[in-house]
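Asks: Hey, dropping work_9.pdb in here, PDB, C-alpha atoms and all ligand atoms:
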MODEL        1
ATOM      1  CA  MET A   1     -35.708 -13.486   6.840  1.00  0.00           C
ATOM      2  CA  GLU A   2     -32.004 -14.301   7.321  1.00  0.00           C
ATOM      3  CA  LYS A   3     -29.685 -11.275   7.471  1.00  0.00           C
ATOM      4  CA  ALA A   4     -26.888 -11.063   4.839  1.00  0.00           C
ATOM      5  CA  ARG A   5     -23.363 -11.879   6.051  1.00  0.00           C
ATOM      6  CA  ALA A   6     -21.536  -8.763   7.271  1.00  0.00           C
ATOM      7  CA  GLY A   7     -18.460  -7.595   5.381  1.00  0.00           C
ATOM      8  CA  TRP A   8     -15.263  -6.341   6.965  1.00  0.00           C
ATOM      9  CA  VAL A   9     -12.452  -3.921   6.066  1.00  0.00           C
ATOM     10  CA  GLU A  10      -8.803  -4.494   7.031  1.00  0.00           C
ATOM     11  CA  VAL A  11      -6.097  -1.922   6.283  1.00  0.00           C
ATOM     12  CA  ILE A  12      -2.405  -2.868   6.249  1.00  0.00           C
ATOM     13  CA  SER A  13      -0.301   0.277   6.333  1.00  0.00           C
ATOM     14  CA  GLY A  14       3.224   1.525   7.015  1.00  0.00           C
ATOM     15  CA  CYS A  15       6.295   2.811   5.166  1.00  0.00           C
ATOM     16  CA  MET A  16       7.949   1.167   2.150  1.00  0.00           C
ATOM     17  CA  PHE A  17       9.622  -2.221   2.883  1.00  0.00           C
ATOM     18  CA  SER A  18       7.525  -2.684   6.047  1.00  0.00           C
ATOM     19  CA  GLY A  19       5.959  -5.903   4.680  1.00  0.00           C
ATOM     20  CA  LYS A  20       2.536  -4.588   3.573  1.00  0.00           C
ATOM     21  CA  THR A  21       2.431  -6.571   0.325  1.00  0.00           C
ATOM     22  CA  GLU A  22       3.877  -9.670   1.995  1.00  0.00           C
ATOM     23  CA  GLU A  23       1.149  -9.502   4.651  1.00  0.00           C
ATOM     24  CA  LEU A  24      -1.553  -8.805   2.041  1.00  0.00           C
ATOM     25  CA  ILE A  25      -0.479 -11.883   0.045  1.00  0.00           C
ATOM     26  CA  ARG A  26      -0.295 -14.009   3.234  1.00  0.00           C
ATOM     27  CA  ARG A  27      -3.893 -13.121   4.149  1.00  0.00           C
ATOM     28  CA  LEU A  28      -5.142 -13.666   0.583  1.00  0.00           C
ATOM     29  CA  ARG A  29      -3.422 -17.066   0.289  1.00  0.00           C
ATOM     30  CA  ARG A  30      -4.976 -18.182   3.577  1.00  0.00           C
ATOM     31  CA  ALA A  31      -8.367 -17.075   2.256  1.00  0.00           C
ATOM     32  CA  GLN A  32      -7.780 -19.171  -0.880  1.00  0.00           C
ATOM     33  CA  ILE A  33      -6.897 -22.177   1.315  1.00  0.00           C
ATOM     34  CA  ALA A  34     -10.222 -21.615   3.082  1.00  0.00           C
ATOM     35  CA  ARG A  35     -11.842 -21.893  -0.394  1.00  0.00           C
ATOM     36  CA  GLN A  36     -12.868 -18.264  -0.464  1.00  0.00           C
ATOM     37  CA  GLN A  37     -13.191 -16.670  -3.901  1.00  0.00           C
ATOM     38  CA  VAL A  38     -10.477 -14.008  -3.986  1.00  0.00           C
ATOM     39  CA  GLN A  39      -9.952 -11.090  -6.386  1.00  0.00           C
ATOM     40  CA  VAL A  40      -6.978  -8.703  -6.181  1.00  0.00           C
ATOM     41  CA  PHE A  41      -6.811  -5.187  -7.621  1.00  0.00           C
ATOM     42  CA  LYS A  42      -4.060  -2.643  -8.051  1.00  0.00           C
ATOM     43  CA  PRO A  43      -3.890   0.843  -9.609  1.00  0.00           C
ATOM     44  CA  LEU A  44      -2.797   0.865 -13.241  1.00  0.00           C
ATOM     45  CA  ILE A  45      -0.075   3.411 -12.391  1.00  0.00           C
ATOM     46  CA  ASP A  46       2.088   0.778 -10.659  1.00  0.00           C
ATOM     47  CA  THR A  47       3.684  -1.223 -13.480  1.00  0.00           C
ATOM     48  CA  ARG A  48       6.880  -2.174 -11.622  1.00  0.00           C
ATOM     49  CA  TYR A  49       6.388  -5.946 -11.659  1.00  0.00           C
ATOM     50  CA  GLY A  50       4.328  -6.503 -14.800  1.00  0.00           C
ATOM     51  CA  LEU A  51       0.754  -5.479 -15.274  1.00  0.00           C
ATOM     52  CA  GLU A  52      -1.178  -8.387 -13.866  1.00  0.00           C
ATOM     53  CA  ARG A  53       0.644  -9.203 -10.624  1.00  0.00           C
ATOM     54  CA  VAL A  54       1.201  -7.735  -7.200  1.00  0.00           C
ATOM     55  CA  ARG A  55       4.721  -8.542  -5.959  1.00  0.00           C
ATOM     56  CA  SER A  56       6.510  -7.954  -2.650  1.00  0.00           C
ATOM     57  CA  HIS A  57      10.108  -6.720  -2.363  1.00  0.00           C
ATOM     58  CA  ASN A  58      11.178 -10.244  -1.394  1.00  0.00           C
ATOM     59  CA  GLY A  59       9.570 -11.896  -4.423  1.00  0.00           C
ATOM     60  CA  LEU A  60       6.166 -13.206  -3.283  1.00  0.00           C
ATOM     61  CA  ASP A  61       3.455 -12.575  -5.812  1.00  0.00           C
ATOM     62  CA  ILE A  62      -0.196 -13.031  -6.658  1.00  0.00           C
ATOM     63  CA  GLU A  63      -2.356 -12.397  -9.721  1.00  0.00           C
ATOM     64  CA  ALA A  64      -4.019  -8.980  -9.779  1.00  0.00           C
ATOM     65  CA  ILE A  65      -6.299  -6.912 -12.001  1.00  0.00           C
ATOM     66  CA  PRO A  66      -4.904  -3.447 -12.829  1.00  0.00           C
ATOM     67  CA  VAL A  67      -7.621  -0.770 -12.819  1.00  0.00           C
ATOM     68  CA  PRO A  68      -7.428   2.868 -13.978  1.00  0.00           C
ATOM     69  CA  HIS A  69      -9.565   4.261 -11.142  1.00  0.00           C
ATOM     70  CA  ALA A  70     -11.346   3.081  -7.999  1.00  0.00           C
ATOM     71  CA  ARG A  71     -14.853   2.645  -9.453  1.00  0.00           C
ATOM     72  CA  ALA A  72     -13.530   0.164 -12.041  1.00  0.00           C
ATOM     73  CA  ILE A  73     -13.083  -2.337  -9.184  1.00  0.00           C
ATOM     74  CA  LEU A  74     -16.891  -2.673  -9.047  1.00  0.00           C
ATOM     75  CA  ASP A  75     -17.038  -3.260 -12.824  1.00  0.00           C
ATOM     76  CA  HIS A  76     -14.600  -6.204 -12.531  1.00  0.00           C
ATOM     77  CA  LEU A  77     -16.215  -7.751  -9.457  1.00  0.00           C
ATOM     78  CA  GLN A  78     -17.372 -11.330 -10.017  1.00  0.00           C
ATOM     79  CA  PRO A  79     -20.660 -12.511  -8.457  1.00  0.00           C
ATOM     80  CA  GLY A  80     -19.094 -15.176  -6.194  1.00  0.00           C
ATOM     81  CA  THR A  81     -16.207 -13.102  -4.822  1.00  0.00           C
ATOM     82  CA  THR A  82     -16.010 -13.142  -1.027  1.00  0.00           C
ATOM     83  CA  VAL A  83     -12.564 -11.588  -0.449  1.00  0.00           C
ATOM     84  CA  VAL A  84     -11.109  -8.539  -2.234  1.00  0.00           C
ATOM     85  CA  GLY A  85      -7.458  -7.478  -1.903  1.00  0.00           C
ATOM     86  CA  ILE A  86      -6.315  -4.002  -2.955  1.00  0.00           C
ATOM     87  CA  ASP A  87      -2.604  -3.057  -3.103  1.00  0.00           C
ATOM     88  CA  GLU A  88      -0.994   0.401  -3.390  1.00  0.00           C
ATOM     89  CA  ALA A  89      -4.230   2.038  -2.272  1.00  0.00           C
ATOM     90  CA  GLN A  90      -2.471   5.399  -1.787  1.00  0.00           C
ATOM     91  CA  PHE A  91      -2.460   5.829  -5.586  1.00  0.00           C
ATOM     92  CA  PHE A  92      -6.242   5.559  -5.962  1.00  0.00           C
ATOM     93  CA  ASP A  93      -8.633   8.496  -6.187  1.00  0.00           C
ATOM     94  CA  TRP A  94     -10.723   9.341  -3.115  1.00  0.00           C
ATOM     95  CA  GLU A  95     -13.654   7.297  -4.406  1.00  0.00           C
ATOM     96  CA  ILE A  96     -11.742   4.200  -3.252  1.00  0.00           C
ATOM     97  CA  ALA A  97     -13.189   4.806   0.232  1.00  0.00           C
ATOM     98  CA  ASP A  98     -16.791   4.573  -1.093  1.00  0.00           C
ATOM     99  CA  VAL A  99     -15.912   1.520  -3.192  1.00  0.00           C
ATOM    100  CA  VAL A 100     -14.406  -0.251  -0.177  1.00  0.00           C
ATOM    101  CA  GLN A 101     -17.470   0.584   1.932  1.00  0.00           C
ATOM    102  CA  ALA A 102     -19.791  -0.666  -0.838  1.00  0.00           C
ATOM    103  CA  LEU A 103     -17.872  -3.966  -1.037  1.00  0.00           C
ATOM    104  CA  ALA A 104     -18.097  -4.463   2.740  1.00  0.00           C
ATOM    105  CA  GLU A 105     -21.822  -3.706   2.610  1.00  0.00           C
ATOM    106  CA  ARG A 106     -22.188  -6.530   0.060  1.00  0.00           C
ATOM    107  CA  GLY A 107     -20.714  -8.894   2.673  1.00  0.00           C
ATOM    108  CA  ILE A 108     -17.178  -8.951   1.239  1.00  0.00           C
ATOM    109  CA  ARG A 109     -13.980  -9.065   3.322  1.00  0.00           C
ATOM    110  CA  VAL A 110     -11.804  -6.258   1.942  1.00  0.00           C
ATOM    111  CA  ILE A 111      -8.058  -6.204   2.646  1.00  0.00           C
ATOM    112  CA  VAL A 112      -6.366  -2.941   1.651  1.00  0.00           C
ATOM    113  CA  ALA A 113      -2.600  -2.307   1.673  1.00  0.00           C
ATOM    114  CA  GLY A 114      -1.027   1.104   1.172  1.00  0.00           C
ATOM    115  CA  LEU A 115       1.509   3.689   2.266  1.00  0.00           C
ATOM    116  CA  ASP A 116       0.272   5.803   5.154  1.00  0.00           C
ATOM    117  CA  MET A 117       2.749   8.631   4.428  1.00  0.00           C
ATOM    118  CA  ASP A 118       4.538  10.019   1.386  1.00  0.00           C
ATOM    119  CA  PHE A 119       8.289  10.721   1.246  1.00  0.00           C
ATOM    120  CA  ARG A 120       7.703  14.023   3.116  1.00  0.00           C
ATOM    121  CA  GLY A 121       6.054  12.253   6.048  1.00  0.00           C
ATOM    122  CA  GLU A 122       2.603  13.586   5.120  1.00  0.00           C
ATOM    123  CA  PRO A 123      -0.623  11.539   4.796  1.00  0.00           C
ATOM    124  CA  PHE A 124      -0.763   9.853   1.386  1.00  0.00           C
ATOM    125  CA  GLY A 125      -3.932  10.315  -0.741  1.00  0.00           C
ATOM    126  CA  PRO A 126      -7.034   8.475   0.516  1.00  0.00           C
ATOM    127  CA  MET A 127      -5.127   6.344   3.074  1.00  0.00           C
ATOM    128  CA  PRO A 128      -6.133   8.382   6.167  1.00  0.00           C
ATOM    129  CA  LEU A 129      -9.813   8.069   5.192  1.00  0.00           C
ATOM    130  CA  LEU A 130      -9.492   4.337   4.512  1.00  0.00           C
ATOM    131  CA  MET A 131      -7.788   3.867   7.887  1.00  0.00           C
ATOM    132  CA  ALA A 132     -10.489   5.836   9.679  1.00  0.00           C
ATOM    133  CA  GLN A 133     -13.314   3.781   8.143  1.00  0.00           C
ATOM    134  CA  ALA A 134     -11.641   0.359   8.510  1.00  0.00           C
ATOM    135  CA  ASP A 135     -12.700  -2.292  11.022  1.00  0.00           C
ATOM    136  CA  GLN A 136      -9.057  -3.243  11.562  1.00  0.00           C
ATOM    137  CA  VAL A 137      -5.832  -1.307  10.965  1.00  0.00           C
ATOM    138  CA  ASP A 138      -2.320  -2.764  11.197  1.00  0.00           C
ATOM    139  CA  LYS A 139       0.619  -0.398  10.956  1.00  0.00           C
ATOM    140  CA  LEU A 140       3.802  -2.286  10.069  1.00  0.00           C
ATOM    141  CA  HIS A 141       7.422  -1.165  10.578  1.00  0.00           C
ATOM    142  CA  ALA A 142      10.486  -1.726   8.413  1.00  0.00           C
ATOM    143  CA  ILE A 143      14.097  -1.471   9.637  1.00  0.00           C
ATOM    144  CA  CYS A 144      15.816   1.920   9.386  1.00  0.00           C
ATOM    145  CA  VAL A 145      18.716   1.404   6.961  1.00  0.00           C
ATOM    146  CA  VAL A 146      20.721   4.142   8.717  1.00  0.00           C
ATOM    147  CA  CYS A 147      20.508   3.150  12.401  1.00  0.00           C
ATOM    148  CA  GLY A 148      18.647  -0.180  12.620  1.00  0.00           C
ATOM    149  CA  ALA A 149      15.694   1.183  14.640  1.00  0.00           C
ATOM    150  CA  PRO A 150      12.079   0.436  13.627  1.00  0.00           C
ATOM    151  CA  ALA A 151      11.328   2.528  10.524  1.00  0.00           C
ATOM    152  CA  THR A 152       8.069   4.421  10.070  1.00  0.00           C
ATOM    153  CA  ARG A 153       9.136   6.790   7.272  1.00  0.00           C
ATOM    154  CA  THR A 154      10.202   6.476   3.621  1.00  0.00           C
ATOM    155  CA  GLN A 155      13.254   8.414   2.476  1.00  0.00           C
ATOM    156  CA  ARG A 156      13.323   9.426  -1.200  1.00  0.00           C
ATOM    157  CA  LEU A 157      16.823   9.834  -2.632  1.00  0.00           C
ATOM    158  CA  ILE A 158      17.529  11.597  -5.930  1.00  0.00           C
ATOM    159  CA  ASN A 159      21.125  11.114  -7.128  1.00  0.00           C
ATOM    160  CA  GLY A 160      21.911   9.864  -3.625  1.00  0.00           C
ATOM    161  CA  ARG A 161      20.582  13.021  -1.927  1.00  0.00           C
ATOM    162  CA  PRO A 162      17.374  13.508   0.085  1.00  0.00           C
ATOM    163  CA  ALA A 163      14.549  14.689  -2.182  1.00  0.00           C
ATOM    164  CA  ARG A 164      13.284  18.163  -1.360  1.00  0.00           C
ATOM    165  CA  TYR A 165       9.874  18.915   0.075  1.00  0.00           C
ATOM    166  CA  ASP A 166       8.585  20.376  -3.218  1.00  0.00           C
ATOM    167  CA  ASP A 167       9.354  17.230  -5.265  1.00  0.00           C
ATOM    168  CA  PRO A 168       6.235  15.644  -6.862  1.00  0.00           C
ATOM    169  CA  VAL A 169       4.474  13.266  -4.485  1.00  0.00           C
ATOM    170  CA  ILE A 170       4.108  10.405  -6.963  1.00  0.00           C
ATOM    171  CA  LEU A 171       7.269   8.697  -8.194  1.00  0.00           C
ATOM    172  CA  VAL A 172       6.941   4.948  -8.749  1.00  0.00           C
ATOM    173  CA  GLY A 173      10.112   3.115  -7.731  1.00  0.00           C
ATOM    174  CA  GLY A 174      11.887   0.732  -5.389  1.00  0.00           C
ATOM    175  CA  SER A 175      15.195   0.484  -3.549  1.00  0.00           C
ATOM    176  CA  GLU A 176      17.036   2.552  -6.199  1.00  0.00           C
ATOM    177  CA  THR A 177      15.031   5.612  -5.050  1.00  0.00           C
ATOM    178  CA  TYR A 178      13.645   4.812  -1.615  1.00  0.00           C
ATOM    179  CA  GLU A 179      14.876   3.700   1.815  1.00  0.00           C
ATOM    180  CA  ALA A 180      13.080   2.820   5.022  1.00  0.00           C
ATOM    181  CA  ARG A 181      14.090   5.171   7.843  1.00  0.00           C
ATOM    182  CA  CYS A 182      13.114   6.003  11.413  1.00  0.00           C
ATOM    183  CA  ARG A 183      11.797   9.435  12.382  1.00  0.00           C
ATOM    184  CA  ARG A 184      15.276  10.569  13.541  1.00  0.00           C
ATOM    185  CA  CYS A 185      17.108   9.562  10.329  1.00  0.00           C
ATOM    186  CA  HIS A 186      14.396  10.736   7.879  1.00  0.00           C
ATOM    187  CA  VAL A 187      15.420  13.984   6.092  1.00  0.00           C
ATOM    188  CA  VAL A 188      13.278  16.289   3.920  1.00  0.00           C
ATOM    189  CA  PRO A 189      15.020  19.591   3.096  1.00  0.00           C
ATOM    190  CA  ARG A 190      12.509  22.454   2.773  1.00  0.00           C
ATOM    191  CA  GLU A 191      14.873  25.283   1.788  1.00  0.00           C
ATOM    192  CA  ALA A 192      17.372  25.450  -1.081  1.00  0.00           C
ATOM    193  CA  THR A 193      20.125  26.284   1.460  1.00  0.00           C
ATOM    194  CA  GLU A 194      19.555  22.982   3.265  1.00  0.00           C
ATOM    195  CA  THR A 195      20.479  20.949   0.154  1.00  0.00           C
ATOM    196  CA  PRO A 196      24.250  20.248   0.096  1.00  0.00           C
TER     197      PRO A 196
HETATM  198  N1  LIG B 201      14.766  -1.799   5.417  1.00  0.00           N
HETATM  199  C1  LIG B 201      14.043  -2.909   5.346  1.00  0.00           C
HETATM  200  N2  LIG B 201      13.303  -3.293   6.407  1.00  0.00           N
HETATM  201  C2  LIG B 201      12.578  -4.432   6.353  1.00  0.00           C
HETATM  202  N3  LIG B 201      12.481  -5.231   5.263  1.00  0.00           N
HETATM  203  C3  LIG B 201      13.174  -4.877   4.159  1.00  0.00           C
HETATM  204  C4  LIG B 201      13.988  -3.716   4.154  1.00  0.00           C
HETATM  205  N4  LIG B 201      14.555  -3.631   2.934  1.00  0.00           N
HETATM  206  C5  LIG B 201      14.118  -4.683   2.197  1.00  0.00           C
HETATM  207  N5  LIG B 201      13.262  -5.443   2.933  1.00  0.00           N
HETATM  208  C6  LIG B 201      12.557  -6.626   2.411  1.00  0.00           C
HETATM  209  O1  LIG B 201      11.258  -6.194   2.056  1.00  0.00           O
HETATM  210  C7  LIG B 201      10.319  -7.210   2.434  1.00  0.00           C
HETATM  211  C8  LIG B 201       8.926  -6.598   2.562  1.00  0.00           C
HETATM  212  O2  LIG B 201       8.489  -6.268   1.251  1.00  0.00           O
HETATM  213  P1  LIG B 201       7.040  -5.788   0.943  1.00  0.00           P
HETATM  214  O3  LIG B 201       6.039  -6.704   1.559  1.00  0.00           O
HETATM  215  O4  LIG B 201       6.963  -5.627  -0.553  1.00  0.00           O
HETATM  216  O5  LIG B 201       6.986  -4.379   1.668  1.00  0.00           O
HETATM  217  P2  LIG B 201       6.038  -3.116   1.384  1.00  0.00           P
HETATM  218  O6  LIG B 201       4.862  -3.589   0.571  1.00  0.00           O
HETATM  219  O7  LIG B 201       5.644  -2.618   2.742  1.00  0.00           O
HETATM  220  O8  LIG B 201       6.888  -2.126   0.647  1.00  0.00           O
HETATM  221  C9  LIG B 201      10.913  -7.760   3.717  1.00  0.00           C
HETATM  222  O9  LIG B 201      10.450  -9.059   4.028  1.00  0.00           O
HETATM  223  C10 LIG B 201      12.399  -7.761   3.414  1.00  0.00           C
HETATM  224  O10 LIG B 201      12.751  -8.947   2.743  1.00  0.00           O
HETATM  225  C1  LIG B 202       7.148   7.264  -0.333  1.00  0.00           C
HETATM  226  C2  LIG B 202       6.589   7.356  -1.724  1.00  0.00           C
HETATM  227  C3  LIG B 202       6.464   6.219  -2.499  1.00  0.00           C
HETATM  228  N1  LIG B 202       5.951   6.313  -3.742  1.00  0.00           N
HETATM  229  C4  LIG B 202       5.807   5.084  -4.557  1.00  0.00           C
HETATM  230  C5  LIG B 202       7.036   4.231  -4.663  1.00  0.00           C
HETATM  231  C6  LIG B 202       6.468   2.852  -4.904  1.00  0.00           C
HETATM  232  O1  LIG B 202       6.198   2.755  -6.305  1.00  0.00           O
HETATM  233  C7  LIG B 202       5.151   2.861  -4.118  1.00  0.00           C
HETATM  234  C8  LIG B 202       5.222   2.194  -2.768  1.00  0.00           C
HETATM  235  O2  LIG B 202       5.433   0.807  -2.916  1.00  0.00           O
HETATM  236  P1  LIG B 202       5.532  -0.205  -1.661  1.00  0.00           P
HETATM  237  O3  LIG B 202       4.702  -1.379  -2.107  1.00  0.00           O
HETATM  238  O4  LIG B 202       4.978   0.456  -0.440  1.00  0.00           O
HETATM  239  O5  LIG B 202       6.968  -0.555  -1.523  1.00  0.00           O
HETATM  240  O6  LIG B 202       4.853   4.250  -3.926  1.00  0.00           O
HETATM  241  C9  LIG B 202       5.529   7.522  -4.258  1.00  0.00           C
HETATM  242  O7  LIG B 202       5.025   7.605  -5.396  1.00  0.00           O
HETATM  243  N2  LIG B 202       5.646   8.640  -3.492  1.00  0.00           N
HETATM  244  C10 LIG B 202       6.161   8.606  -2.242  1.00  0.00           C
HETATM  245  O8  LIG B 202       6.247   9.682  -1.589  1.00  0.00           O
HETATM  246 ZN    ZN B 203      17.246   5.574  12.014  1.00  0.00          ZN
ENDMDL
END
Show me the file's structure as structure tokens.

Replies:
Amino acid sequence: MEKARAGWVEVISGCMFSGKTEELIRRLRRAQIARQQVQVFKPLIDTRYGLERVRSHNGLDIEAIPVPHARAILDHLQPGTTVVGIDEAQFFDWEIADVVQALAERGIRVIVAGLDMDFRGEPFGPMPLLMAQADQVDKLHAICVVCGAPATRTQRLINGRPARYDDPVILVGGSETYEARCRRCHVVPREATETP
């Protein structure tokens, strides 16, 4: 008996503005050109660019299905789908790792994009687990807006000042609240006395 085609998991990670969504869309478009059947999912929490699209900071976009939790991806999966894209994976519950594994076991190529670290520089949600279980991981860099070096961190600014360590982890937003920064220029005050 012929063995089923093996699936594959790719993770595209990095800080905000590093080109994760751009790269996700590039890979998905190439898959469509290759006549693969593609489905794209995103967490319902991210409503920045309209409900049913994933969009990059420089305006590329692709149709996407918003889902309230990871398991719902399996409910929406169509029988002929061969490639699944998932954006903003850091916002999903931990079950996303099992869902991604299950898709790969069904022979599907899964391409996941998400923030590796939150604004504090700490691992973000299920991303470390997804990265550990992936077949391929690409960590992208942005440009530090302060010094021009490669950026690996995301700076959160509240009223123009660095957000403090005890701020809530989840705050949906774009360039009005976040900047790409290198390790040296990234600031997260821990103590009240450190805030100007
Ligand atoms: N500091 C920055 N460094 C690099 N690209 C930036 C920066 N600020 C804005 N951009 C724009 O953001 C685009 C990447 O957007 P996107 O793919 O949505 O990133 P991500 O999904 O990683 O947040 C770049 O091609 C560039 O046009
Ligand atoms: C660092 C950080 C980011 N977020 C939010 C802000 C945006 O809505 C997304 C990231 O989008 P992108 O496609 O990577 O540009 O995540 C957050 O909620 N908490 C954080 O610490
Ligand atoms: Zn810098």

Asks: I need the residue nearest ligand LIG 202 (chain B) from this list: A:Val54, A:Ile108, A:Val187, A:Ala134. Use only C-alpha atoms and all ligand atoms for the distance.

Replies: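 Of all the options, A:Val54 lies closest to ligand LIG 202 (chain B).
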
Asks: Just want the residues within 9 Å of ligand ZN 203 (chain B), written as number ranges by chain, counting all atoms listed in the file.

Replies: A: 143-151, 180-186

Asks: Spell out the residues picked by the PyMOL selection byres (((chain A and resi 21) around 10) and not hetatm) here, as a short mmCIF file (atom, residue, chain, number, x, y, z; two decimals) with C-alpha atoms, in the frame of the given file.

Replies:
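The result, stored in part.cif:
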data_model
loop_
_atom_site.label_atom_id
_atom_site.label_comp_id
_atom_site.auth_asym_id
_atom_site.auth_seq_id
_atom_site.Cartn_x
_atom_site.Cartn_y
_atom_site.Cartn_z
CA ILE A 12 -2.40 -2.87 6.25
CA SER A 13 -0.30 0.28 6.33
CA MET A 16 7.95 1.17 2.15
CA PHE A 17 9.62 -2.22 2.88
CA SER A 18 7.52 -2.68 6.05
CA GLY A 19 5.96 -5.90 4.68
CA LYS A 20 2.54 -4.59 3.57
CA GLU A 22 3.88 -9.67 2.00
CA GLU A 23 1.15 -9.50 4.65
CA LEU A 24 -1.55 -8.80 2.04
CA ILE A 25 -0.48 -11.88 0.04
CA ARG A 26 -0.30 -14.01 3.23
CA ARG A 27 -3.89 -13.12 4.15
CA VAL A 54 1.20 -7.74 -7.20
CA ARG A 55 4.72 -8.54 -5.96
CA SER A 56 6.51 -7.95 -2.65
CA HIS A 57 10.11 -6.72 -2.36
CA ASN A 58 11.18 -10.24 -1.39
CA LEU A 60 6.17 -13.21 -3.28
CA ASP A 61 3.46 -12.58 -5.81
CA ILE A 62 -0.20 -13.03 -6.66
CA ILE A 86 -6.32 -4.00 -2.96
CA ASP A 87 -2.60 -3.06 -3.10
CA GLU A 88 -0.99 0.40 -3.39
CA VAL A 112 -6.37 -2.94 1.65
CA ALA A 113 -2.60 -2.31 1.67
CA GLY A 114 -1.03 1.10 1.17
#

Asks: Suppose you want the space between CA of Val84 in chain A and CA of Phe41 in chain A; what is it in Å?

Replies: 7.7 Å

Asks: Find the residues near ligand LIG 202 (chain B). Use a cut-off of 6 Å, count all atoms listed in the file, and write them as a PyMOL selection string.

Replies: chain A and resi 16-17+115+118-119+154+169-174

Asks: Generate the output file for the selected residues, C-alpha atoms, as a short mmCIF file (atom, residue, chain, number, x, y, z; two decimals), keeping the file's coordinate frame.

Replies:
data_model
loop_
_atom_site.label_atom_id
_atom_site.label_comp_id
_atom_site.auth_asym_id
_atom_site.auth_seq_id
_atom_site.Cartn_x
_atom_site.Cartn_y
_atom_site.Cartn_z
CA MET A 16 7.95 1.17 2.15
CA PHE A 17 9.62 -2.22 2.88
CA LEU A 115 1.51 3.69 2.27
CA ASP A 118 4.54 10.02 1.39
CA PHE A 119 8.29 10.72 1.25
CA THR A 154 10.20 6.48 3.62
CA VAL A 169 4.47 13.27 -4.49
CA ILE A 170 4.11 10.40 -6.96
CA LEU A 171 7.27 8.70 -8.19
CA VAL A 172 6.94 4.95 -8.75
CA GLY A 173 10.11 3.12 -7.73
CA GLY A 174 11.89 0.73 -5.39
#

Asks: Can you spell out as number ranges by chain the set of residues that the PyMOL selection byres (((chain A and resi 93-96) around 7) and not hetatm) selects in the structure I just provided?

Replies: A: 69-71, 91-92, 97-100, 126

Asks: Any chance you can output those residues with C-alpha atoms as a tab-separated table (two decimals), in the coordinates of the input?

Replies:
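This is the output file out24.tsv:
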chain	number	residue	atom	x	y	z
A	69	HIS	CA	-9.56	4.26	-11.14
A	70	ALA	CA	-11.35	3.08	-8.00
A	71	ARG	CA	-14.85	2.64	-9.45
A	91	PHE	CA	-2.46	5.83	-5.59
A	92	PHE	CA	-6.24	5.56	-5.96
A	97	ALA	CA	-13.19	4.81	0.23
A	98	ASP	CA	-16.79	4.57	-1.09
A	99	VAL	CA	-15.91	1.52	-3.19
A	100	VAL	CA	-14.41	-0.25	-0.18
A	126	PRO	CA	-7.03	8.48	0.52

Asks: Could you tell me, as a ChimeraX atom specification, exactly which residues end up selected when the PyMOL selection byres (((chain A and resi 37) around 7) and not hetatm) is applied to this structure?

Replies: /A:32,35-36,38-39,80-83

Asks: May I ask which of the residues A:Val137, A:Ala31, A:Leu77, A:Ala89 is the closest one to Pro43 in chain A, counting all atoms listed in the file?

Replies: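 Ranking A:Val137, A:Ala31, A:Leu77, A:Ala89 by distance to Pro43 in chain A, first place goes to A:Ala89.
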
Asks: Which distance in Å separates CA of Val67 in chain A and CA of Gly85 in chain A, to one decimal?

Replies: 12.8 Å

Asks: Excluding same-chain residues fewer than 4 positions from Met117 in chain A, what lies within 10 Å of it counting only C-alpha atoms, as a ChimeraX atom specification?

Replies: /A:13-16,90,121-125,127-128,152-154

Asks: Kindly indicate which residue among A:Arg190, A:Arg156, A:Lys139, A:Arg161 lies nearest to ligand LIG 201 (chain B), using only C-alpha atoms and all ligand atoms for the distances.

Replies: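 Nearest candidate to ligand LIG 201 (chain B) out of A:Arg190, A:Arg156, A:Lys139, A:Arg161: A:Lys139.
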
Asks: How far is it from CA of Glu52 in chain A to CA of Pro66 in chain A, in Å with one decimal?

Replies: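 One can read the CA of Glu52 in chain A to CA of Pro66 in chain A distance as 6.3 Å.
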